[in-house]
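As provided, input_3.cif (mmCIF, C-alpha atoms and all ligand atoms) reads as follows.
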```cif
data_run
#
loop_
_atom_site.label_atom_id
_atom_site.label_comp_id
_atom_site.auth_asym_id
_atom_site.auth_seq_id
_atom_site.Cartn_x
_atom_site.Cartn_y
_atom_site.Cartn_z
CA MET A 1 -18.62 5.39 -31.28
CA GLU A 2 -16.88 6.38 -28.01
CA GLU A 3 -13.30 7.65 -28.46
CA TYR A 4 -10.53 7.31 -25.89
CA ASP A 5 -6.75 7.70 -25.83
CA VAL A 6 -6.21 4.64 -23.66
CA VAL A 7 -8.57 1.73 -22.97
CA VAL A 8 -7.54 -0.60 -20.14
CA VAL A 9 -9.20 -4.02 -20.22
CA GLY A 10 -9.59 -5.40 -16.67
CA ALA A 11 -10.19 -3.60 -13.37
CA GLY A 12 -7.82 -5.72 -11.24
CA PRO A 13 -4.81 -4.09 -9.54
CA SER A 14 -2.70 -3.98 -12.73
CA GLY A 15 -5.55 -2.45 -14.76
CA ALA A 16 -6.42 0.12 -12.08
CA ILE A 17 -2.82 1.27 -11.68
CA SER A 18 -2.19 1.38 -15.47
CA ALA A 19 -5.32 3.53 -15.84
CA GLU A 20 -4.33 5.78 -12.95
CA TYR A 21 -0.90 6.41 -14.50
CA ALA A 22 -2.27 6.92 -18.03
CA ALA A 23 -4.90 9.39 -16.75
CA LYS A 24 -2.56 11.31 -14.49
CA ASN A 25 -0.20 11.73 -17.42
CA GLY A 26 -2.92 13.40 -19.45
CA ALA A 27 -4.54 10.58 -21.44
CA LYS A 28 -8.32 10.25 -21.76
CA THR A 29 -8.64 6.82 -20.19
CA LEU A 30 -11.36 4.17 -19.86
CA ILE A 31 -11.30 0.97 -17.77
CA VAL A 32 -13.52 -1.83 -19.07
CA GLU A 33 -14.43 -4.66 -16.67
CA GLU A 34 -16.50 -7.70 -17.53
CA HIS A 35 -17.91 -8.17 -14.01
CA ALA A 36 -20.68 -6.05 -12.52
CA SER A 37 -18.61 -5.34 -9.43
CA VAL A 38 -14.96 -4.28 -8.97
CA GLY A 39 -12.87 -6.72 -6.89
CA GLU A 40 -15.12 -9.74 -7.41
CA PRO A 41 -14.75 -12.64 -7.57
CA VAL A 42 -11.69 -12.68 -5.28
CA GLN A 43 -8.97 -15.10 -6.37
CA CYS A 44 -6.22 -14.30 -3.91
CA ALA A 45 -4.79 -15.11 -0.47
CA GLY A 46 -4.27 -11.39 0.08
CA LEU A 47 -0.69 -11.44 1.37
CA ILE A 48 1.43 -8.51 0.20
CA SER A 49 4.73 -7.12 1.45
CA THR A 50 4.98 -3.68 3.03
CA ARG A 51 6.95 -2.73 -0.11
CA ALA A 52 4.06 -3.86 -2.34
CA MET A 53 1.67 -1.69 -0.34
CA GLU A 54 3.97 1.33 -0.93
CA GLU A 55 4.25 0.45 -4.62
CA CYS A 56 0.45 0.49 -4.93
CA GLU A 57 0.42 3.92 -3.24
CA VAL A 58 -2.49 3.00 -0.99
CA PHE A 59 -2.59 2.47 2.72
CA SER A 60 -5.82 2.10 4.60
CA SER A 61 -6.98 0.18 7.64
CA LYS A 62 -10.18 -0.35 5.59
CA PHE A 63 -8.64 -3.34 3.85
CA ILE A 64 -5.94 -4.58 6.24
CA ASN A 65 -6.87 -7.76 8.11
CA LYS A 66 -3.53 -8.48 9.76
CA GLU A 67 0.08 -7.34 10.02
CA ILE A 68 2.54 -10.16 9.45
CA ARG A 69 6.08 -10.39 10.84
CA GLY A 70 7.22 -13.80 9.68
CA ALA A 71 6.48 -17.37 8.72
CA PHE A 72 6.48 -20.90 10.04
CA ILE A 73 7.72 -23.21 7.31
CA HIS A 74 6.56 -26.81 7.65
CA SER A 75 7.88 -29.84 5.77
CA SER A 76 6.38 -33.29 6.39
CA SER A 77 8.13 -33.65 9.78
CA GLU A 78 10.10 -30.45 10.44
CA CYS A 79 9.24 -26.81 11.09
CA ILE A 80 11.32 -23.62 11.22
CA LYS A 81 10.28 -20.17 12.36
CA ILE A 82 11.40 -17.08 10.43
CA ASP A 83 10.82 -13.92 12.43
CA GLY A 84 11.27 -10.62 10.59
CA GLY A 85 11.17 -8.80 13.94
CA GLY A 86 8.58 -6.24 12.77
CA THR A 87 5.78 -5.89 10.21
CA LYS A 88 7.00 -7.30 6.89
CA ALA A 89 3.69 -7.90 5.17
CA TYR A 90 -0.04 -7.32 5.36
CA VAL A 91 -3.02 -9.57 4.86
CA ILE A 92 -5.53 -7.57 2.87
CA GLU A 93 -9.17 -7.82 1.84
CA ARG A 94 -8.80 -7.83 -1.96
CA ARG A 95 -12.42 -6.87 -2.62
CA ILE A 96 -11.86 -3.51 -0.90
CA PHE A 97 -8.22 -3.09 -1.95
CA ASP A 98 -9.13 -3.38 -5.65
CA ARG A 99 -11.92 -0.83 -5.22
CA VAL A 100 -9.57 1.68 -3.60
CA LEU A 101 -7.14 1.27 -6.53
CA VAL A 102 -9.93 1.77 -9.09
CA GLN A 103 -11.17 4.80 -7.14
CA ASN A 104 -7.63 6.27 -7.39
CA ALA A 105 -7.79 5.88 -11.18
CA ILE A 106 -11.23 7.52 -11.28
CA ASP A 107 -9.96 10.37 -9.07
CA ARG A 108 -7.25 10.96 -11.69
CA GLY A 109 -9.91 11.26 -14.40
CA ALA A 110 -10.33 7.70 -15.73
CA ASP A 111 -13.82 6.43 -16.65
CA LEU A 112 -15.04 2.96 -15.64
CA LEU A 113 -17.43 0.74 -17.60
CA LEU A 114 -18.62 -2.33 -15.65
CA LYS A 115 -20.36 -5.45 -16.99
CA THR A 116 -18.60 -4.89 -20.30
CA LYS A 117 -16.70 -7.78 -21.83
CA VAL A 118 -14.23 -7.16 -24.65
CA SER A 119 -14.70 -9.72 -27.41
CA ASP A 120 -12.54 -8.47 -30.29
CA LEU A 121 -9.98 -5.89 -31.42
CA LYS A 122 -9.25 -4.57 -34.91
CA ARG A 123 -6.64 -2.07 -36.08
CA GLU A 124 -8.04 0.74 -38.21
CA GLY A 125 -5.38 3.15 -39.47
CA SER A 126 -3.35 4.30 -36.50
CA ARG A 127 -6.09 3.40 -34.00
CA VAL A 128 -7.64 0.27 -32.58
CA ILE A 129 -11.36 -0.54 -32.47
CA ILE A 130 -12.50 -2.51 -29.44
CA GLU A 131 -15.65 -4.60 -29.73
CA ALA A 132 -17.45 -5.36 -26.52
CA VAL A 133 -20.75 -6.44 -25.07
CA SER A 134 -21.89 -3.96 -22.44
CA HIS A 135 -24.90 -4.88 -20.28
CA GLY A 136 -25.97 -7.26 -23.04
CA VAL A 137 -25.61 -4.71 -25.87
CA SER A 138 -22.84 -4.74 -28.51
CA MET A 139 -20.67 -1.64 -28.57
CA ARG A 140 -17.49 -0.32 -30.24
CA ILE A 141 -14.85 1.93 -28.71
CA SER A 142 -12.03 3.59 -30.64
CA SER A 143 -8.70 4.00 -28.86
CA HIS A 144 -5.09 4.99 -29.52
CA VAL A 145 -3.72 2.29 -27.17
CA VAL A 146 -5.20 -0.77 -25.45
CA ILE A 147 -3.67 -2.09 -22.23
CA GLY A 148 -4.53 -5.75 -21.70
CA ALA A 149 -4.75 -6.19 -17.91
CA ASP A 150 -7.28 -8.98 -18.28
CA GLY A 151 -5.68 -11.67 -16.17
CA VAL A 152 -4.18 -15.09 -16.67
CA LYS A 153 -6.30 -16.12 -19.67
CA SER A 154 -5.90 -12.72 -21.37
CA ARG A 155 -8.10 -12.39 -24.43
CA ILE A 156 -6.25 -9.23 -25.43
CA ALA A 157 -2.86 -10.99 -25.53
CA LYS A 158 -4.39 -13.83 -27.56
CA LEU A 159 -6.22 -11.55 -30.03
CA THR A 160 -3.08 -9.50 -30.66
CA GLY A 161 -0.85 -12.48 -31.43
CA LEU A 162 1.10 -12.36 -28.17
CA GLY A 163 -0.36 -15.64 -26.89
CA ASN A 164 -0.99 -16.73 -23.31
CA VAL A 165 1.43 -17.86 -20.59
CA LYS A 166 2.16 -21.55 -21.26
CA LYS A 167 2.70 -22.78 -17.70
CA ILE A 168 -0.24 -22.22 -15.41
CA LEU A 169 -0.61 -23.63 -11.89
CA PRO A 170 -4.16 -24.31 -10.70
CA CYS A 171 -4.96 -23.31 -7.09
CA ALA A 172 -7.73 -23.82 -4.52
CA GLN A 173 -8.35 -22.01 -1.26
CA ILE A 174 -10.92 -21.82 1.52
CA GLU A 175 -11.40 -19.43 4.40
CA GLY A 176 -12.26 -21.17 7.66
CA MET A 177 -11.66 -21.57 11.39
CA TYR A 178 -8.03 -22.40 12.03
CA GLU A 179 -5.87 -22.61 15.14
CA LEU A 180 -2.86 -20.53 14.12
CA THR A 181 0.47 -21.07 15.86
CA ASP A 182 0.72 -17.26 16.04
CA PRO A 183 -1.64 -14.91 14.14
CA LYS A 184 1.28 -12.60 13.29
CA PHE A 185 2.88 -15.40 11.26
CA VAL A 186 1.81 -17.11 8.05
CA GLU A 187 2.22 -20.87 7.81
CA ILE A 188 3.78 -22.40 4.70
CA PHE A 189 3.69 -26.15 3.96
CA ILE A 190 6.14 -27.65 1.46
CA GLY A 191 6.41 -31.10 -0.12
CA SER A 192 3.88 -33.63 -1.37
CA VAL A 193 1.07 -31.70 0.34
CA ALA A 194 1.19 -29.45 -2.77
CA PRO A 195 3.30 -31.04 -5.54
CA GLY A 196 5.15 -28.41 -7.60
CA PHE A 197 4.37 -25.47 -5.34
CA PHE A 198 3.31 -25.05 -1.69
CA ALA A 199 0.33 -24.74 0.64
CA TRP A 200 -0.45 -21.91 3.04
CA ALA A 201 -2.52 -20.82 6.03
CA ILE A 202 -2.76 -17.04 6.10
CA PRO A 203 -4.26 -15.37 9.18
CA VAL A 204 -7.35 -13.25 8.50
CA GLU A 205 -8.40 -13.03 12.14
CA ASP A 206 -6.89 -14.64 15.25
CA ASP A 207 -8.87 -17.85 14.64
CA ILE A 208 -9.64 -17.60 10.91
CA ALA A 209 -7.25 -18.30 8.05
CA ARG A 210 -7.17 -18.55 4.28
CA ILE A 211 -5.98 -22.11 3.72
CA GLY A 212 -5.00 -23.00 0.20
CA LEU A 213 -2.49 -24.40 -2.21
CA CYS A 214 -1.38 -24.48 -5.81
CA SER A 215 -0.15 -27.73 -7.32
CA LYS A 216 0.78 -29.24 -10.66
CA GLU A 217 -2.62 -30.91 -10.81
CA ASP A 218 -5.88 -31.39 -8.94
CA PRO A 219 -5.40 -28.71 -6.25
CA LEU A 220 -8.88 -29.31 -4.88
CA SER A 221 -8.26 -32.93 -3.87
CA HIS A 222 -4.83 -31.98 -2.43
CA LEU A 223 -6.54 -29.23 -0.40
CA MET A 224 -9.26 -31.60 0.86
CA LYS A 225 -6.54 -34.08 1.89
CA MET A 226 -4.58 -31.34 3.64
CA LEU A 227 -7.66 -30.11 5.54
CA SER A 228 -8.76 -33.57 6.60
CA SER A 229 -5.31 -34.39 8.02
CA SER A 230 -4.75 -30.97 9.64
CA SER A 231 -4.84 -30.78 13.45
CA SER A 232 -5.32 -26.97 13.23
CA TYR A 233 -8.28 -26.73 10.86
CA ARG A 234 -11.58 -26.36 12.71
CA GLY A 235 -14.05 -26.43 9.80
CA SER A 236 -16.69 -23.78 8.96
CA VAL A 237 -15.80 -22.94 5.36
CA MET A 238 -16.81 -19.28 4.85
CA ASP A 239 -15.29 -18.75 1.42
CA PHE A 240 -14.08 -20.94 -1.42
CA VAL A 241 -11.80 -19.84 -4.24
CA VAL A 242 -10.31 -21.52 -7.28
CA GLY A 243 -7.85 -19.73 -9.53
CA ALA A 244 -4.59 -20.06 -11.38
CA ILE A 245 -1.12 -18.59 -11.29
CA PRO A 246 0.85 -17.91 -14.49
CA LEU A 247 4.47 -19.02 -14.32
CA GLY A 248 6.92 -17.14 -16.52
CA PRO A 249 6.40 -13.98 -18.55
CA LEU A 250 5.24 -13.81 -22.17
CA LYS A 251 8.06 -13.64 -24.73
CA LYS A 252 6.69 -10.33 -25.95
CA THR A 253 4.26 -8.00 -24.16
CA ILE A 254 3.76 -5.33 -26.85
CA ASN A 255 2.41 -5.04 -30.34
CA ASP A 256 1.17 -2.10 -32.42
CA ASN A 257 -1.33 -0.18 -30.21
CA VAL A 258 -1.16 -2.83 -27.46
CA MET A 259 0.60 -3.49 -24.15
CA ILE A 260 -0.03 -6.46 -21.87
CA VAL A 261 0.40 -6.12 -18.09
CA GLY A 262 0.09 -8.07 -14.83
CA ASP A 263 -1.05 -11.72 -14.77
CA ALA A 264 -1.92 -11.39 -18.46
CA ALA A 265 1.79 -10.85 -19.17
CA GLY A 266 2.98 -13.44 -16.61
CA GLN A 267 4.48 -10.71 -14.41
CA VAL A 268 4.12 -12.88 -11.31
CA LYS A 269 6.78 -14.15 -8.88
CA PRO A 270 7.18 -17.85 -9.74
CA THR A 271 8.43 -18.62 -6.21
CA SER A 272 5.36 -17.36 -4.35
CA GLY A 273 2.69 -16.78 -7.01
CA GLY A 274 2.41 -13.18 -5.81
CA GLY A 275 1.47 -10.86 -8.66
CA ILE A 276 0.29 -7.67 -7.00
CA TYR A 277 3.74 -6.14 -6.42
CA THR A 278 5.19 -7.06 -9.81
CA GLY A 279 1.95 -6.15 -11.60
CA ALA A 280 1.88 -2.72 -9.91
CA LYS A 281 5.48 -1.95 -10.90
CA CYS A 282 4.84 -2.86 -14.54
CA ALA A 283 1.42 -1.18 -14.65
CA LYS A 284 2.91 2.19 -13.74
CA ILE A 285 5.30 1.94 -16.68
CA ALA A 286 2.51 0.79 -19.03
CA GLY A 287 0.31 3.75 -18.05
CA GLU A 288 3.15 6.24 -18.44
CA VAL A 289 4.27 4.89 -21.81
CA ALA A 290 0.67 4.76 -23.07
CA ALA A 291 0.19 8.46 -22.23
CA LYS A 292 3.53 9.40 -23.85
CA SER A 293 2.56 7.52 -27.02
CA VAL A 294 -0.71 9.50 -27.11
CA HIS A 295 1.10 12.85 -26.80
CA GLU A 296 3.58 11.81 -29.52
CA ASP A 297 0.78 10.37 -31.69
CA ASP A 298 2.78 7.16 -32.13
CA ALA A 299 1.47 3.86 -30.78
CA SER A 300 3.67 1.71 -33.00
CA VAL A 301 5.39 -1.30 -31.51
CA GLY A 302 8.64 0.68 -31.86
CA ARG A 303 7.30 3.43 -29.57
CA LEU A 304 5.79 1.00 -27.05
CA LYS A 305 9.02 -0.97 -26.67
CA GLU A 306 10.02 1.47 -23.92
CA TYR A 307 7.49 -0.42 -21.75
CA GLU A 308 8.97 -3.83 -22.57
CA LYS A 309 12.55 -2.65 -21.98
CA ARG A 310 11.81 -0.89 -18.70
CA TRP A 311 9.79 -3.65 -17.04
CA ARG A 312 12.22 -6.39 -18.09
CA SER A 313 15.23 -4.45 -16.79
CA MET A 314 13.40 -3.97 -13.48
CA ILE A 315 12.11 -7.50 -12.75
CA GLY A 316 13.08 -9.72 -15.72
CA ARG A 317 16.09 -11.28 -13.95
CA GLU A 318 14.14 -11.93 -10.75
CA LEU A 319 11.39 -13.69 -12.74
CA SER A 320 13.97 -15.87 -14.54
CA MET A 321 15.65 -16.80 -11.24
CA GLY A 322 12.20 -17.49 -9.80
CA MET A 323 11.45 -19.90 -12.66
CA LEU A 324 14.70 -21.78 -11.92
CA ILE A 325 13.92 -22.01 -8.19
CA ASN A 326 10.35 -23.11 -8.98
CA SER A 327 11.50 -25.94 -11.25
CA MET A 328 14.08 -27.10 -8.65
CA ILE A 329 11.48 -27.10 -5.85
CA GLY A 330 9.20 -29.23 -8.02
CA ARG A 331 11.80 -32.04 -7.96
CA VAL A 332 12.51 -32.13 -4.19
CA ARG A 333 11.13 -35.10 -2.18
CA ASP A 334 9.57 -34.91 1.29
CA ASN A 335 12.61 -36.43 3.06
CA GLU A 336 14.89 -33.94 1.24
CA PHE A 337 12.72 -31.01 2.39
CA ASP A 338 12.97 -32.42 5.95
CA GLU A 339 16.78 -32.51 5.65
CA LEU A 340 16.83 -28.98 4.23
CA LEU A 341 14.81 -27.60 7.16
CA GLN A 342 17.03 -29.51 9.63
CA THR A 343 20.06 -27.79 8.04
CA LEU A 344 18.39 -24.37 8.08
CA ARG A 345 17.64 -24.71 11.78
CA ASP A 346 21.21 -23.56 12.48
CA LYS A 347 21.04 -20.19 14.31
CA LYS A 348 23.51 -18.57 11.88
CA LEU A 349 21.43 -19.58 8.85
CA ILE A 350 18.14 -18.49 10.45
CA ASP A 351 19.78 -15.10 11.16
CA VAL A 352 20.72 -14.78 7.47
CA ILE A 353 17.18 -15.69 6.35
CA GLU A 354 15.65 -13.23 8.81
CA ARG A 355 18.02 -10.49 7.68
CA TYR A 356 18.07 -11.00 3.91
CA GLY A 357 14.87 -12.98 3.17
CA ASP A 358 12.66 -10.84 0.93
CA MET A 359 9.30 -12.08 -0.39
CA ASP A 360 9.57 -9.80 -3.45
CA TYR A 361 13.19 -10.63 -4.31
CA PRO A 362 13.74 -14.16 -2.92
CA SER A 363 16.70 -14.96 -5.20
CA ALA A 364 18.96 -12.51 -3.30
CA LEU A 365 18.91 -14.86 -0.30
CA ILE A 366 20.52 -17.85 -2.04
CA PRO A 367 24.10 -16.48 -2.40
CA LYS A 368 23.97 -15.13 1.18
CA LEU A 369 22.94 -18.57 2.50
CA LEU A 370 25.54 -20.40 0.43
CA ARG A 371 28.28 -18.10 1.79
CA THR A 372 27.20 -18.86 5.37
CA MET A 373 26.84 -22.65 4.97
C1 LIG A 401 -5.37 -18.72 -5.02
C2 LIG A 401 -4.55 -17.50 -5.32
C3 LIG A 401 -3.91 -16.82 -4.29
C4 LIG A 401 -3.13 -15.68 -4.57
N1 LIG A 401 -2.53 -15.02 -3.52
C5 LIG A 401 -1.79 -13.92 -3.76
C6 LIG A 401 -1.20 -13.21 -2.68
O1 LIG A 401 -1.34 -13.58 -1.51
N2 LIG A 401 -0.44 -12.10 -2.97
C7 LIG A 401 -0.28 -11.65 -4.27
O2 LIG A 401 0.44 -10.66 -4.49
N3 LIG A 401 -0.85 -12.32 -5.30
C8 LIG A 401 -1.61 -13.42 -5.09
N4 LIG A 401 -2.21 -14.07 -6.13
C9 LIG A 401 -2.04 -13.53 -7.48
C10 LIG A 401 -2.90 -12.28 -7.65
O3 LIG A 401 -4.23 -12.55 -7.31
C11 LIG A 401 -2.79 -11.80 -9.10
O4 LIG A 401 -1.42 -11.72 -9.44
C12 LIG A 401 -3.44 -10.42 -9.30
O5 LIG A 401 -4.83 -10.45 -9.08
C13 LIG A 401 -3.17 -9.98 -10.74
O6 LIG A 401 -3.80 -8.74 -10.97
P1 LIG A 401 -4.20 -8.33 -12.48
O7 LIG A 401 -4.82 -7.00 -12.35
O8 LIG A 401 -3.02 -8.54 -13.36
O9 LIG A 401 -5.27 -9.41 -12.92
P2 LIG A 401 -6.67 -9.80 -12.28
O10 LIG A 401 -6.72 -9.44 -10.84
O11 LIG A 401 -6.91 -11.22 -12.65
O12 LIG A 401 -7.71 -8.86 -13.03
C14 LIG A 401 -8.08 -9.09 -14.38
C15 LIG A 401 -9.44 -8.44 -14.59
O13 LIG A 401 -9.75 -8.47 -15.98
C16 LIG A 401 -11.13 -8.76 -16.13
N5 LIG A 401 -11.33 -9.30 -17.50
C17 LIG A 401 -10.84 -10.46 -18.00
N6 LIG A 401 -11.19 -10.61 -19.29
C18 LIG A 401 -11.93 -9.51 -19.62
C19 LIG A 401 -12.57 -9.10 -20.82
N7 LIG A 401 -12.54 -9.82 -21.95
N8 LIG A 401 -13.25 -7.91 -20.81
C20 LIG A 401 -13.31 -7.16 -19.69
N9 LIG A 401 -12.70 -7.50 -18.51
C21 LIG A 401 -12.02 -8.67 -18.47
C22 LIG A 401 -11.41 -9.76 -15.02
O14 LIG A 401 -12.79 -9.81 -14.71
C23 LIG A 401 -10.56 -9.18 -13.88
O15 LIG A 401 -11.30 -8.27 -13.09
C24 LIG A 401 -2.98 -15.23 -5.90
C25 LIG A 401 -3.62 -15.90 -6.94
C26 LIG A 401 -4.38 -17.03 -6.67
C27 LIG A 401 -5.06 -17.75 -7.81
#
```
As a first step, turn the structure in this file into structure tokens.
Amino acid sequence: MEEYDVVVVGAGPSGAISAEYAAKNGAKTLIVEEHASVGEPVQCAGLISTRAMEECEVFSSKFINKEIRGAFIHSSSECIKIDGGGTKAYVIERRIFDRVLVQNAIDRGADLLLKTKVSDLKREGSRVIIEAVSHGVSMRISSHVVIGADGVKSRIAKLTGLGNVKKILPCAQIEGMYELTDPKFVEIFIGSVAPGFFAWAIPVEDDIARIGLCSKEDPLSHLMKMLSSSSSYRGSVMDFVVGAIPLGPLKKTINDNVMIVGDAAGQVKPTSGGGIYTGAKCAKIAGEVAAKSVHEDDASVGRLKEYEKRWRSMIGRELSMGMLINSMIGRVRDNEFDELLQTLRDKKLIDVIERYGDMDYPSALIPKLLRTM
């Protein structure tokens, strides 16, 4: 039986960064990924802030499609333009981005096992035994700690009694020809076009965009409706994606020998559905704490609570505020969104949004806007 200090389940961004941090802190680390290829299938629009790029500690023109400086926000009959004045975000090619992150983990000494699906976990003494099917053959791996970075339907969280995120928003997206108002700006559509969330058109090239939405139900028919009524969509679907966004973190993300990270833990911004930045922040802590627990030979829930405390103190409040904003947005009608955008058209308010709007910490904008109104 193979023996490791840390086994990370899932080779997405959160898994890769957890593994990188565990390995660079001296733990013998393995990443296990059920798919035969890192970064596939892609379930992402690929928009990340410049801050998120720094947090992931990667920067390469290899995976950057576009630099983004702002957004057009459309309600049913209004539109406002938010111009950050310089590059605020990047549109990335996730397939390549994920591979670069995994390569970083490998460069730090982590091993990678593809086409290996974890099916069960059992505690044996102070260690955990992972059961998996690798290339069609059953195998067992012994580890000190397991990091569950296995996405929204996390098997690891379920098997270890931590459960799965209760509220999940289904999403659908295509990549196709699209006449963008300005390819340096993303386009956001709010209201009944995507009940409970929003729709987007994210520039990939000057005339190609990722057009998608998440909604309370049936995102595919909402997307088809949006595309058929759009005057900017030019057809030619080149890519089609369905996926889901977890809303709200798990109550508990640790147990004896186990930590849960990223989408699996619900560490996703409920306002935008973005999980790369938050996942990366938490993954670094998970990797560090895992390695410390190896050196101290203590993977008890008491030792691992450092992870839970640190990630909650860093982003817990922002996630709670995000949940509040998300539930409020879900109740707003089209005519109310139109009125809101009419109000926000005021030059003073636009200035405040452009100055303080932050896609990673959106809640900070609300008090600033209220003070100006
Ligand atoms: C339509 C859509 C658009 C999005 N757009 C954005 C965006 O623009 N910006 C942004 O920041 N976020 C976006 N997100 C969210 C983002 O994609 C996720 O937050 C991010 O991928 C989470 O990374 P992760 O590593 O936690 O999980 P994942 O990327 O989901 O990786 C989990 C990995 O675990 C593997 N796995 C699962 N179970 C097992 C098992 N039993 N054994 C072995 N391996 C397993 C999976 O194959 C997968 O590779 C979007 C999501 C959707 C659905």
- prompt: Using only C-alpha atoms, which residues sit within 7 Å of segment 65-78 of chain A once same-chain residues fewer than 4 positions away are excluded, as a PyMOL selection string?
  reply: chain A and resi 82-93+184-191+203-205+334+337-338+341
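Pairwise distance (atom CA of Ser215 of chain A, atom O12 of ligand LIG 401 (chain A)) equals 21.1 Å.
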- request: Kindly indicate which residue among A:Asp120, A:Asp111, A:Glu306, A:Asp206 lies nearest to ligand LIG 401 (chain A), using all atoms listed in the file for the distances.
  value: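 The shortest atom-to-atom distance to ligand LIG 401 (chain A) comes from A:Asp120.
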Selected residue, from A:Leu223, A:Val258, A:Leu162, A:Leu47, that lies nearest to Arg127 of chain A when counting all atoms listed in the file: A:Val258
- request: Between A:Lys81, A:Arg108, A:Lys28, A:Lys281, single out the one closest to Thr181 of chain A, counting only C-alpha atoms.
  value: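 Result for the nearest residue to Thr181 of chain A: A:Lys81.
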- request: Calculate how many Å separate atom CA of Ser192 of chain A from atom CA of Val332 of chain A, rounding to one decimal.
  value: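 Interatomic distance, atom CA of Ser192 of chain A to atom CA of Val332 of chain A: 9.2 Å.
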- request: Have a look at atom CA of Val9 of chain A and atom C19 of ligand LIG 401 (chain A) and let me know their distance in Å, one decimal.
  value: 6.1 Å
Contact residues around Gly235 of chain A with all atoms listed in the file at 12 Å, ignoring same-chain residues under 4 positions, as a ChimeraX atom specification: /A:174-179,207-211,224,227-231,239
Would you tabulate, counting all atoms listed in the file, all residues of chain A that have an atom at most 6 Å from an atom of ligand LIG 401 (chain A), showing the closest pair of atoms and their distance in Å to one decimal, sorted by chain then ascending number, as a tab-separated table?
```
residue	atom	partner	partner_atom	distance
A:Val9	CA	A:LIG401	C20	5.2
A:Gly10	CA	A:LIG401	O13	3.2
A:Ala11	CA	A:LIG401	O15	4.8
A:Gly12	CA	A:LIG401	O7	3.4
A:Pro13	CA	A:LIG401	O7	4.0
A:Ser14	CA	A:LIG401	O7	3.7
A:Gly15	CA	A:LIG401	O7	5.2
A:Val32	CA	A:LIG401	C20	5.4
A:Glu33	CA	A:LIG401	N9	3.8
A:Glu34	CA	A:LIG401	C20	3.9
A:His35	CA	A:LIG401	O14	5.4
A:Gln43	CA	A:LIG401	C27	4.9
A:Cys44	CA	A:LIG401	C3	3.4
A:Ala45	CA	A:LIG401	N1	3.8
A:Gly46	CA	A:LIG401	O1	4.0
A:Leu47	CA	A:LIG401	O1	3.6
A:Ile48	CA	A:LIG401	N2	5.1
A:Thr116	CA	A:LIG401	C20	5.8
A:Lys117	CA	A:LIG401	N8	3.6
A:Val118	CA	A:LIG401	N8	4.0
A:Ser119	CA	A:LIG401	N7	5.9
A:Ala149	CA	A:LIG401	O8	5.4
A:Asp150	CA	A:LIG401	O13	3.4
A:Gly151	CA	A:LIG401	O11	3.8
A:Arg155	CA	A:LIG401	N7	5.7
A:Cys171	CA	A:LIG401	C1	5.1
A:Ala172	CA	A:LIG401	C1	5.6
A:Gln173	CA	A:LIG401	C1	5.8
A:Gly243	CA	A:LIG401	C27	3.8
A:Ala244	CA	A:LIG401	C27	4.3
A:Ile245	CA	A:LIG401	C27	5.3
A:Gly262	CA	A:LIG401	O8	3.5
A:Asp263	CA	A:LIG401	O8	4.0
A:Ala264	CA	A:LIG401	O8	5.9
A:Val268	CA	A:LIG401	O4	6.0
A:Gly273	CA	A:LIG401	N4	5.7
A:Gly274	CA	A:LIG401	N3	3.4
A:Gly275	CA	A:LIG401	O4	3.1
A:Ile276	CA	A:LIG401	O2	3.9
A:Tyr277	CA	A:LIG401	O2	5.9
A:Gly279	CA	A:LIG401	O8	5.8
```
Would you put the residues from that selection into a file with C-alpha atoms, as a tab-separated table (two decimals), in the frame of the given file?
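Written file, selection.tsv:
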```tsv
chain	number	residue	atom	x	y	z
A	9	VAL	CA	-9.20	-4.02	-20.22
A	10	GLY	CA	-9.59	-5.40	-16.67
A	11	ALA	CA	-10.19	-3.60	-13.37
A	12	GLY	CA	-7.82	-5.72	-11.24
A	13	PRO	CA	-4.81	-4.09	-9.54
A	14	SER	CA	-2.70	-3.98	-12.73
A	15	GLY	CA	-5.55	-2.45	-14.76
A	32	VAL	CA	-13.52	-1.83	-19.07
A	33	GLU	CA	-14.43	-4.66	-16.67
A	34	GLU	CA	-16.50	-7.70	-17.53
A	35	HIS	CA	-17.91	-8.17	-14.01
A	43	GLN	CA	-8.97	-15.10	-6.37
A	44	CYS	CA	-6.22	-14.30	-3.91
A	45	ALA	CA	-4.79	-15.11	-0.47
A	46	GLY	CA	-4.27	-11.39	0.08
A	47	LEU	CA	-0.69	-11.44	1.37
A	48	ILE	CA	1.43	-8.51	0.20
A	116	THR	CA	-18.60	-4.89	-20.30
A	117	LYS	CA	-16.70	-7.78	-21.83
A	118	VAL	CA	-14.23	-7.16	-24.65
A	119	SER	CA	-14.70	-9.72	-27.41
A	149	ALA	CA	-4.75	-6.19	-17.91
A	150	ASP	CA	-7.28	-8.98	-18.28
A	151	GLY	CA	-5.68	-11.67	-16.17
A	155	ARG	CA	-8.10	-12.39	-24.43
A	171	CYS	CA	-4.96	-23.31	-7.09
A	172	ALA	CA	-7.73	-23.82	-4.52
A	173	GLN	CA	-8.35	-22.01	-1.26
A	243	GLY	CA	-7.85	-19.73	-9.53
A	244	ALA	CA	-4.59	-20.06	-11.38
A	245	ILE	CA	-1.12	-18.59	-11.29
A	262	GLY	CA	0.09	-8.07	-14.83
A	263	ASP	CA	-1.05	-11.72	-14.77
A	264	ALA	CA	-1.92	-11.39	-18.46
A	268	VAL	CA	4.12	-12.88	-11.31
A	273	GLY	CA	2.69	-16.78	-7.01
A	274	GLY	CA	2.41	-13.18	-5.81
A	275	GLY	CA	1.47	-10.86	-8.66
A	276	ILE	CA	0.29	-7.67	-7.00
A	277	TYR	CA	3.74	-6.14	-6.42
A	279	GLY	CA	1.95	-6.15	-11.60
```
